[in-house]
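coords.json, holding JSON, C-alpha atoms:
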[["chain", "number", "residue", "atom", "x", "y", "z"],
["A", 274, "MET", "CA", 7.47, 22.62, 15.60],
["A", 275, "SER", "CA", 5.55, 25.50, 14.05],
["A", 276, "PRO", "CA", 1.95, 25.82, 15.27],
["A", 277, "ASP", "CA", 0.88, 26.38, 11.67],
["A", 278, "ARG", "CA", 3.12, 24.20, 9.53],
["A", 279, "VAL", "CA", 5.33, 21.17, 10.09],
["A", 280, "ARG", "CA", 8.83, 21.38, 8.62],
["A", 281, "ALA", "CA", 9.08, 18.48, 6.18],
["A", 282, "GLY", "CA", 11.93, 16.96, 4.20],
["A", 283, "VAL", "CA", 12.39, 14.12, 1.74],
["A", 284, "ILE", "CA", 15.25, 11.61, 1.69],
["A", 285, "GLY", "CA", 15.54, 10.15, -1.80],
["A", 286, "ALA", "CA", 14.70, 12.18, -4.92],
["A", 287, "GLY", "CA", 13.81, 9.33, -7.27],
["A", 288, "SER", "CA", 10.38, 9.04, -8.88],
["A", 289, "MET", "CA", 8.55, 8.28, -5.62],
["A", 290, "GLY", "CA", 10.57, 10.79, -3.63],
["A", 291, "GLN", "CA", 9.73, 13.50, -6.15],
["A", 292, "ASN", "CA", 6.03, 12.80, -5.63],
["A", 293, "HIS", "CA", 6.49, 13.32, -1.90],
["A", 294, "VAL", "CA", 8.39, 16.56, -2.53],
["A", 295, "ARG", "CA", 5.52, 17.85, -4.67],
["A", 296, "ALA", "CA", 2.87, 16.76, -2.18],
["A", 297, "TYR", "CA", 4.60, 18.36, 0.82],
["A", 298, "ASP", "CA", 5.06, 21.55, -1.22],
["A", 299, "GLU", "CA", 1.31, 21.65, -1.95],
["A", 300, "LEU", "CA", 0.08, 20.82, 1.56],
["A", 301, "ALA", "CA", -1.07, 23.79, 3.61],
["A", 302, "GLY", "CA", 0.08, 22.08, 6.82],
["A", 303, "ALA", "CA", 3.67, 21.50, 5.69],
["A", 304, "GLU", "CA", 6.73, 23.59, 4.88],
["A", 305, "LEU", "CA", 9.16, 21.83, 2.53],
["A", 306, "VAL", "CA", 12.56, 22.61, 4.06],
["A", 307, "GLY", "CA", 14.86, 20.36, 2.06],
["A", 308, "VAL", "CA", 15.63, 17.40, -0.16],
["A", 309, "HIS", "CA", 18.47, 14.91, 0.15],
["A", 310, "ASP", "CA", 19.73, 12.37, -2.37],
["A", 311, "VAL", "CA", 23.06, 10.62, -2.87],
["A", 312, "ASP", "CA", 22.93, 12.12, -6.37],
["A", 313, "SER", "CA", 23.50, 15.74, -5.35],
["A", 314, "GLU", "CA", 22.71, 17.09, -8.82],
["A", 315, "ARG", "CA", 19.33, 15.38, -8.82],
["A", 316, "ALA", "CA", 18.61, 16.64, -5.31],
["A", 317, "GLU", "CA", 19.52, 20.17, -6.40],
["A", 318, "ARG", "CA", 17.31, 19.95, -9.50],
["A", 319, "VAL", "CA", 14.28, 18.65, -7.61],
["A", 320, "ALA", "CA", 14.69, 21.05, -4.70],
["A", 321, "THR", "CA", 15.04, 24.05, -7.03],
["A", 322, "GLU", "CA", 11.88, 23.09, -8.92],
["A", 323, "TYR", "CA", 9.90, 23.40, -5.69],
["A", 324, "GLY", "CA", 11.68, 26.41, -4.23],
["A", 325, "SER", "CA", 13.50, 24.38, -1.58],
["A", 326, "ARG", "CA", 17.12, 23.41, -0.84],
["A", 327, "ALA", "CA", 19.31, 20.39, -1.48],
["A", 328, "LEU", "CA", 20.80, 19.43, 1.89],
["A", 329, "SER", "CA", 23.13, 16.81, 3.29],
["A", 330, "PHE", "CA", 21.53, 14.03, 5.33],
["A", 331, "ALA", "CA", 22.65, 15.63, 8.60],
["A", 332, "GLU", "CA", 21.51, 19.10, 7.51],
["A", 333, "LEU", "CA", 18.08, 17.81, 6.54],
["A", 334, "LEU", "CA", 17.57, 16.01, 9.85],
["A", 335, "SER", "CA", 18.56, 19.18, 11.66],
["A", 336, "ALA", "CA", 16.11, 21.31, 9.65],
["A", 337, "ALA", "CA", 13.06, 19.01, 9.55],
["A", 338, "ASP", "CA", 10.40, 17.92, 12.04],
["A", 339, "VAL", "CA", 9.25, 15.06, 9.79],
["A", 340, "VAL", "CA", 10.76, 13.29, 6.79],
["A", 341, "THR", "CA", 9.79, 10.81, 4.13],
["A", 342, "VAL", "CA", 12.32, 8.06, 3.43],
["A", 343, "ALA", "CA", 11.98, 7.11, -0.25],
["A", 344, "VAL", "CA", 15.29, 5.38, -0.94],
["A", 345, "PRO", "CA", 15.71, 1.78, -2.23],
["A", 346, "THR", "CA", 14.48, -0.80, 0.29],
["A", 347, "GLU", "CA", 17.97, -2.07, 1.12],
["A", 348, "TYR", "CA", 18.78, 1.35, 2.64],
["A", 349, "HIS", "CA", 15.58, 1.77, 4.66],
["A", 350, "PHE", "CA", 16.96, 0.37, 7.90],
["A", 351, "GLN", "CA", 19.97, 2.68, 8.06],
["A", 352, "ALA", "CA", 18.06, 5.76, 6.93],
["A", 353, "VAL", "CA", 15.22, 5.24, 9.41],
["A", 354, "ARG", "CA", 17.71, 4.48, 12.18],
["A", 355, "GLU", "CA", 19.44, 7.83, 11.61],
["A", 356, "CYS", "CA", 16.08, 9.63, 11.62],
["A", 357, "ILE", "CA", 15.24, 8.04, 14.97],
["A", 358, "ASP", "CA", 18.70, 8.97, 16.28],
["A", 359, "ALA", "CA", 17.90, 12.60, 15.40],
["A", 360, "GLY", "CA", 14.42, 12.44, 16.95],
["A", 361, "VAL", "CA", 12.76, 13.11, 13.59],
["A", 362, "ASP", "CA", 9.39, 11.48, 12.88],
["A", 363, "VAL", "CA", 9.51, 9.38, 9.73],
["A", 364, "LEU", "CA", 7.25, 8.03, 7.02],
["A", 365, "VAL", "CA", 9.09, 5.23, 5.24],
["A", 366, "GLU", "CA", 7.91, 4.02, 1.86],
["A", 367, "LYS", "CA", 6.81, 0.41, 1.46],
["A", 368, "PRO", "CA", 8.13, -2.19, 1.87],
["A", 369, "PHE", "CA", 9.14, -1.16, 5.38],
["A", 370, "VAL", "CA", 12.37, -3.17, 5.60],
["A", 371, "GLU", "CA", 14.17, -6.11, 4.01],
["A", 372, "HIS", "CA", 14.56, -8.04, 7.28],
["A", 373, "VAL", "CA", 11.70, -8.36, 9.76],
["A", 374, "ASP", "CA", 14.01, -8.73, 12.79],
["A", 375, "ARG", "CA", 15.78, -5.47, 11.95],
["A", 376, "GLY", "CA", 12.42, -3.81, 11.49],
["A", 377, "ARG", "CA", 11.34, -4.90, 14.97],
["A", 378, "SER", "CA", 14.52, -3.46, 16.43],
["A", 379, "LEU", "CA", 13.78, -0.16, 14.66],
["A", 380, "LEU", "CA", 10.30, 0.00, 16.15],
["A", 381, "GLU", "CA", 11.60, -0.75, 19.64],
["A", 382, "TYR", "CA", 14.17, 2.01, 19.26],
["A", 383, "ALA", "CA", 11.56, 4.45, 17.91],
["A", 384, "ASP", "CA", 9.34, 3.69, 20.91],
["A", 385, "GLU", "CA", 12.23, 4.39, 23.28],
["A", 386, "ARG", "CA", 12.93, 7.69, 21.55],
["A", 387, "GLY", "CA", 9.27, 8.72, 21.19],
["A", 388, "VAL", "CA", 9.52, 8.87, 17.40],
["A", 389, "THR", "CA", 6.53, 8.23, 15.13],
["A", 390, "VAL", "CA", 7.10, 5.69, 12.34],
["A", 391, "GLN", "CA", 4.49, 5.36, 9.61],
["A", 392, "VAL", "CA", 4.77, 3.00, 6.63],
["A", 393, "GLY", "CA", 3.72, 4.21, 3.18],
["A", 394, "GLN", "CA", 0.95, 1.77, 2.32],
["A", 395, "ILE", "CA", -0.77, 4.38, 0.20],
["A", 396, "GLU", "CA", -3.90, 2.43, -0.77],
["A", 397, "ARG", "CA", -5.16, 2.76, 2.82],
["A", 398, "PHE", "CA", -5.69, 6.43, 1.94],
["A", 399, "ASN", "CA", -7.50, 5.83, -1.32],
["A", 400, "PRO", "CA", -11.01, 7.29, -0.82],
["A", 401, "ALA", "CA", -12.57, 4.18, -2.36],
["A", 402, "VAL", "CA", -10.74, 1.94, 0.11],
["A", 403, "ARG", "CA", -11.81, 4.08, 3.04],
["A", 404, "GLU", "CA", -15.40, 3.79, 1.85],
["A", 405, "LEU", "CA", -14.97, 0.03, 1.45],
["A", 406, "PHE", "CA", -13.91, -0.33, 5.08],
["A", 407, "THR", "CA", -17.15, 1.35, 6.19],
["A", 408, "LEU", "CA", -19.12, -1.31, 4.27],
["A", 409, "LEU", "CA", -17.30, -4.43, 5.44],
["A", 410, "PRO", "CA", -18.77, -4.78, 8.97],
["A", 411, "ASP", "CA", -22.09, -5.74, 7.34],
["A", 412, "VAL", "CA", -20.55, -8.29, 4.95],
["A", 413, "GLU", "CA", -20.08, -11.99, 5.62],
["A", 414, "ILE", "CA", -16.84, -12.25, 3.65],
["A", 415, "ARG", "CA", -16.18, -15.41, 1.68],
["A", 416, "ALA", "CA", -13.37, -14.27, -0.62],
["A", 417, "VAL", "CA", -11.16, -11.32, -1.55],
["A", 418, "GLU", "CA", -9.54, -11.04, -4.97],
["A", 419, "ALA", "CA", -7.02, -8.35, -5.92],
["A", 420, "ARG", "CA", -5.30, -7.68, -9.23],
["A", 421, "ARG", "CA", -2.44, -5.19, -9.55],
["A", 422, "LEU", "CA", -1.14, -5.40, -13.09],
["A", 423, "GLY", "CA", 0.82, -3.10, -15.36],
["A", 424, "PRO", "CA", 3.44, -2.77, -18.08],
["A", 425, "PRO", "CA", 7.21, -3.03, -17.48],
["A", 426, "PRO", "CA", 8.40, -0.03, -15.40],
["A", 427, "ASP", "CA", 10.59, 2.62, -16.98],
["A", 428, "ARG", "CA", 13.15, 2.38, -14.16],
["A", 429, "ALA", "CA", 15.13, -0.34, -12.44],
["A", 430, "ILE", "CA", 13.38, -1.87, -9.40],
["A", 431, "ASP", "CA", 15.32, -4.21, -7.13],
["A", 432, "ASP", "CA", 12.28, -5.44, -5.19],
["A", 433, "SER", "CA", 10.39, -8.49, -6.44],
["A", 434, "VAL", "CA", 6.95, -7.93, -7.96],
["A", 435, "VAL", "CA", 5.52, -9.25, -4.68],
["A", 436, "MET", "CA", 7.43, -6.77, -2.54],
["A", 437, "ASP", "CA", 6.96, -3.95, -5.05],
["A", 438, "LEU", "CA", 3.31, -4.30, -6.13],
["A", 439, "MET", "CA", 1.50, -7.15, -4.40],
["A", 440, "ILE", "CA", 2.46, -5.80, -0.97],
["A", 441, "HIS", "CA", -0.20, -3.08, -1.36],
["A", 442, "ASP", "CA", -2.90, -5.73, -1.59],
["A", 443, "ILE", "CA", -1.24, -7.91, 1.04],
["A", 444, "ASP", "CA", -1.62, -5.02, 3.48],
["A", 445, "LEU", "CA", -5.30, -4.60, 2.59],
["A", 446, "LEU", "CA", -5.91, -8.35, 2.82],
["A", 447, "LEU", "CA", -4.45, -8.38, 6.33],
["A", 448, "GLN", "CA", -6.87, -5.61, 7.29],
["A", 449, "ILE", "CA", -9.90, -7.34, 5.75],
["A", 450, "LEU", "CA", -9.38, -10.98, 6.75],
["A", 451, "ASP", "CA", -8.13, -12.64, 9.92],
["A", 452, "GLU", "CA", -4.74, -14.30, 10.25],
["A", 453, "PRO", "CA", -3.44, -16.40, 7.31],
["A", 454, "ALA", "CA", -3.63, -20.15, 7.94],
["A", 455, "GLU", "CA", -2.38, -21.44, 4.59],
["A", 456, "VAL", "CA", -0.47, -19.80, 1.74],
["A", 457, "ALA", "CA", 0.22, -21.02, -1.80],
["A", 458, "ALA", "CA", 2.03, -19.10, -4.54],
["A", 459, "ALA", "CA", 3.69, -19.28, -7.93],
["A", 460, "SER", "CA", 5.55, -16.93, -10.25],
["A", 461, "THR", "CA", 6.87, -16.83, -13.80],
["A", 462, "GLY", "CA", 10.49, -17.59, -14.59],
["A", 463, "ASP", "CA", 11.49, -13.93, -14.66],
["A", 464, "GLY", "CA", 9.63, -13.28, -11.41],
["A", 465, "GLU", "CA", 7.68, -10.42, -12.97],
["A", 466, "TYR", "CA", 4.25, -12.07, -12.62],
["A", 467, "ALA", "CA", 3.13, -13.70, -9.38],
["A", 468, "THR", "CA", -0.02, -15.11, -7.87],
["A", 469, "ALA", "CA", -0.82, -16.10, -4.29],
["A", 470, "THR", "CA", -3.74, -17.73, -2.53],
["A", 471, "VAL", "CA", -4.22, -17.21, 1.18],
["A", 472, "ARG", "CA", -6.76, -19.05, 3.32],
["A", 473, "SER", "CA", -7.55, -17.26, 6.55],
["A", 474, "GLU", "CA", -8.21, -18.97, 9.85],
["A", 475, "SER", "CA", -11.94, -18.36, 9.36],
["A", 476, "GLY", "CA", -11.84, -20.14, 6.00],
["A", 477, "ALA", "CA", -12.16, -17.08, 3.74],
["A", 478, "ILE", "CA", -9.95, -17.07, 0.66],
["A", 479, "GLY", "CA", -7.71, -14.27, -0.61],
["A", 480, "THR", "CA", -6.36, -14.40, -4.17],
["A", 481, "LEU", "CA", -3.68, -11.92, -5.17],
["A", 482, "THR", "CA", -2.09, -11.31, -8.58],
["A", 483, "ALA", "CA", 0.69, -8.85, -9.37],
["A", 484, "SER", "CA", 2.40, -8.20, -12.70],
["A", 485, "ARG", "CA", 5.02, -5.94, -14.22],
["A", 486, "VAL", "CA", 4.55, -7.46, -17.70],
["A", 487, "THR", "CA", 0.86, -6.76, -18.40],
["A", 488, "GLN", "CA", 0.30, -3.99, -20.94],
["A", 489, "GLU", "CA", -2.96, -2.78, -19.40],
["A", 490, "LYS", "CA", -2.76, -1.05, -16.03],
["A", 491, "ILE", "CA", -5.26, -2.62, -13.64],
["A", 492, "ARG", "CA", -5.74, -1.89, -9.96],
["A", 493, "GLU", "CA", -8.82, -3.57, -8.57],
["A", 494, "LEU", "CA", -10.13, -5.48, -5.57],
["A", 495, "VAL", "CA", -13.29, -7.57, -5.25],
["A", 496, "VAL", "CA", -14.87, -8.66, -1.97],
["A", 497, "SER", "CA", -17.36, -11.51, -2.32],
["A", 498, "GLY", "CA", -19.84, -11.86, 0.53],
["A", 499, "ALA", "CA", -22.73, -14.16, 1.25],
["A", 500, "ASP", "CA", -25.24, -11.68, -0.19],
["A", 501, "ARG", "CA", -23.23, -9.19, -2.23],
["A", 502, "LYS", "CA", -20.12, -8.52, -4.28],
["A", 503, "ILE", "CA", -18.18, -5.28, -3.82],
["A", 504, "GLU", "CA", -15.84, -4.17, -6.60],
["A", 505, "VAL", "CA", -13.25, -1.45, -5.98],
["A", 506, "ASP", "CA", -11.32, 0.31, -8.74],
["A", 507, "PHE", "CA", -8.30, 2.00, -7.17],
["A", 508, "ILE", "CA", -7.55, 4.11, -10.24],
["A", 509, "ASP", "CA", -11.07, 5.45, -10.77],
["A", 510, "GLN", "CA", -11.66, 5.56, -6.99],
["A", 511, "SER", "CA", -15.01, 3.90, -7.55],
["A", 512, "ILE", "CA", -17.12, 1.21, -5.84],
["A", 513, "GLU", "CA", -19.78, -0.99, -7.37],
["A", 514, "ILE", "CA", -22.01, -3.24, -5.25],
["A", 515, "CYS", "CA", -23.88, -6.13, -6.84],
["A", 516, "ARG", "CA", -26.74, -7.72, -4.93],
["A", 517, "ARG", "CA", -29.30, -10.31, -5.93],
["A", 518, "SER", "CA", -32.89, -9.51, -5.10],
["A", 519, "VAL", "CA", -35.09, -11.97, -3.25],
["A", 520, "PRO", "CA", -36.38, -14.52, -5.78],
["A", 521, "GLU", "CA", -40.08, -14.38, -6.45],
["A", 522, "TYR", "CA", -42.75, -16.06, -8.52],
["A", 523, "VAL", "CA", -44.99, -13.74, -10.49],
["A", 524, "ARG", "CA", -48.20, -14.39, -12.38],
["A", 525, "ASP", "CA", -48.35, -12.88, -15.83],
["A", 526, "THR", "CA", -51.19, -13.44, -18.29],
["A", 527, "GLY", "CA", -52.34, -16.45, -16.40],
["A", 528, "SER", "CA", -48.97, -18.26, -16.19],
["A", 529, "VAL", "CA", -46.50, -18.37, -13.30],
["A", 530, "ASN", "CA", -42.95, -17.10, -13.97],
["A", 531, "TYR", "CA", -39.79, -17.04, -11.86],
["A", 532, "ARG", "CA", -37.88, -13.78, -11.45],
["A", 533, "HIS", "CA", -34.47, -13.21, -9.85],
["A", 534, "GLU", "CA", -32.84, -9.85, -10.57],
["A", 535, "THR", "CA", -29.38, -8.48, -9.93],
["A", 536, "VAL", "CA", -29.27, -5.02, -8.37],
["A", 537, "VAL", "CA", -26.16, -2.93, -9.08],
["A", 538, "GLU", "CA", -25.35, 0.12, -6.96],
["A", 539, "ASN", "CA", -22.59, 2.58, -7.88],
["A", 540, "LEU", "CA", -21.48, 4.52, -4.83],
["A", 541, "VAL", "CA", -20.49, 8.16, -5.04],
["A", 542, "VAL", "CA", -16.94, 8.48, -3.72],
["A", 543, "GLU", "CA", -15.42, 11.92, -3.23],
["A", 544, "ARG", "CA", -12.08, 11.80, -5.06],
["A", 545, "HIS", "CA", -8.83, 12.87, -3.36],
["A", 546, "GLU", "CA", -5.14, 12.28, -4.06],
["A", 547, "PRO", "CA", -4.13, 9.35, -1.82],
["A", 548, "LEU", "CA", -0.57, 10.62, -1.35],
["A", 549, "LYS", "CA", -1.72, 13.96, 0.02],
["A", 550, "GLU", "CA", -4.20, 12.15, 2.26],
["A", 551, "GLU", "CA", -1.38, 9.92, 3.49],
["A", 552, "LEU", "CA", 0.95, 12.81, 4.28],
["A", 553, "SER", "CA", -1.82, 14.83, 5.94],
["A", 554, "SER", "CA", -2.65, 11.82, 8.14],
["A", 555, "PHE", "CA", 1.04, 11.40, 9.01],
["A", 556, "ILE", "CA", 1.39, 15.06, 9.98],
["A", 557, "ALA", "CA", -1.80, 14.88, 12.08],
["A", 558, "ALA", "CA", -0.50, 11.79, 13.92],
["A", 559, "VAL", "CA", 2.76, 13.61, 14.69],
["A", 560, "ARG", "CA", 1.03, 16.80, 15.84],
["A", 561, "GLU", "CA", -1.45, 14.96, 18.05],
["A", 562, "ASP", "CA", 1.07, 12.37, 19.27],
["A", 563, "GLU", "CA", -1.22, 9.56, 18.13],
["A", 564, "GLU", "CA", -0.60, 6.20, 16.51],
["A", 565, "PRO", "CA", -0.48, 6.56, 12.71],
["A", 566, "LEU", "CA", -3.09, 4.87, 10.55],
["A", 567, "VAL", "CA", -0.45, 2.56, 9.07],
["A", 568, "THR", "CA", 1.90, 1.57, 11.88],
["A", 569, "GLY", "CA", 5.33, 0.01, 11.72],
["A", 570, "GLU", "CA", 3.75, -3.23, 12.94],
["A", 571, "ASP", "CA", 1.38, -3.12, 9.97],
["A", 572, "GLY", "CA", 4.38, -2.71, 7.72],
["A", 573, "LEU", "CA", 6.14, -5.69, 9.31],
["A", 574, "ARG", "CA", 3.08, -7.94, 8.93],
["A", 575, "ALA", "CA", 2.90, -7.08, 5.25],
["A", 576, "VAL", "CA", 6.62, -7.81, 4.76],
["A", 577, "GLU", "CA", 6.32, -11.12, 6.62],
["A", 578, "LEU", "CA", 3.50, -12.35, 4.38],
["A", 579, "ALA", "CA", 5.17, -10.97, 1.22],
["A", 580, "GLN", "CA", 8.38, -12.84, 2.03],
["A", 581, "ARG", "CA", 6.40, -15.99, 2.78],
["A", 582, "ILE", "CA", 4.77, -15.69, -0.66],
["A", 583, "ASP", "CA", 8.10, -14.95, -2.34],
["A", 584, "GLY", "CA", 9.63, -17.99, -0.68],
["A", 585, "ILE", "CA", 6.86, -20.29, -1.86],
["A", 586, "GLY", "CA", 6.50, -18.83, -5.33],
["A", 587, "THR", "CA", 9.20, -20.79, -7.13],
["A", 588, "PRO", "CA", 9.39, -19.57, -10.75],
["A", 589, "VAL", "CA", 7.39, -21.85, -13.01],
["A", 590, "GLU", "CA", 10.33, -22.61, -15.31],
["A", 591, "GLU", "CA", 12.20, -24.17, -12.40],
["A", 592, "PHE", "CA", 9.60, -26.86, -11.81],
["A", 593, "GLU", "CA", 10.58, -30.30, -13.08],
["A", 594, "ILE", "CA", 7.49, -31.89, -14.59],
["A", 595, "GLU", "CA", 7.52, -35.61, -15.07],
["A", 596, "ARG", "CA", 5.79, -36.55, -18.30],
["A", 597, "THR", "CA", 4.41, -39.91, -19.28],
["A", 598, "ALA", "CA", 4.22, -41.22, -22.83]]
Encoded form using structure tokens:
Amino acid sequence: MSPDRVRAGVIGAGSMGQNHVRAYDELAGAELVGVHDVDSERAERVATEYGSRALSFAELLSAADVVTVAVPTEYHFQAVRECIDAGVDVLVEKPFVEHVDRGRSLLEYADERGVTVQVGQIERFNPAVRELFTLLPDVEIRAVEARRLGPPPDRAIDDSVVMDLMIHDIDLLLQILDEPAEVAAASTGDGEYATATVRSESGAIGTLTASRVTQEKIRELVVSGADRKIEVDFIDQSIEICRRSVPEYVRDTGSVNYRHETVVENLVVERHEPLKEELSSFIAAVREDEEPLVTGEDGLRAVELAQRIDGIGTPVEEFEIERTA
């Protein structure tokens, strides 16, 4: 491994893979050495755009120190397995795997081989989320609500809306609250809109909504505490804190009045591109031989809860409702 730059490659040159190619190309700590895709023409086109090379899978693993796996979820297990075989550290896009048991076997194998596996839960690297985590130790959390809504995608996505979109907020929920005790969920007939409610062992409530049929793009999370509400906008990378002042009685022109004000604080968050932050963190973990910020175990926990929600969330049109006259 170069003392100055890590040799990086990307497996999968679809829309997400292309973002990783661009980000590696722009990072000072990385050298983009190749791109692989089963569509060789697409790999060639993307690689050429960034002054790199389209390589076979074996050639890329031979040339790279680290790779991003950005192929459809059903191929994650095999692709990551081959990376581990080659001793190449890997960042695999979310969701980590289709089957939790196979994911555990991958992590055991990676541990045996000394290979770093990081899962691409990108919101962990959103500057607003990082700031949120610094605020939470002082909050007595009662509820967490997340909405991740948007219009129909312009490409085919095999993953459910829970595994595709909600899993971002599932990962954050698992970091904010303790273990889930109860889960309830529902989805529309086409499965493109889903909601879930999770009660943690401490009694706090998490409410998650994900949609691929909402025309407005919304990415937000609200933490409600005993004495404050914290609102996070993932897109704007902003945080707003609402607090209520201590109620007081005031005397004005001889009469007594009651006053209770709401104080709103807008935090200044230094904006950064989450993807570049994610890849920089991955490279640092590899260089320093440290556990990545988002571990394979984190990825498995998110998949487990997502599949639990998917299993409960029977499409609404499939419910048989008994009606009385």
Shortest contact to Arg574 (chain A), candidates A:Phe406, A:Tyr382, A:Phe555, A:Phe369, atoms counted all atoms listed in the file, goes to A:Phe369
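CA of Ala579 (chain A) is positioned 6.2 Å from CA of Val435 (chain A).
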Record the distance separating CA of Pro426 (chain A) and CA of Val456 (chain A), expressed in Å with one decimal.
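Between these atoms lies a distance of 27.6 Å.
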Separation of CA of Ile357 (chain A) from CA of Ala429 (chain A), in Å and rounded to one decimal:
28.7 Å
Quick one: residues within 7 Å of Pro424 (chain A), all atoms listed in the file counted, chain neighbours fewer than 3 positions away excluded, as a list in words?
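The residues that qualify are Arg485, Val486, Thr487, Gln488, Glu489 and Lys490 of chain A.
Using only C-alpha atoms, the shortest contact distance between Leu364 (chain A) and any of A:Ala320, A:Ala457, A:Ile440, A:Ile284 is found at A:Ile284.
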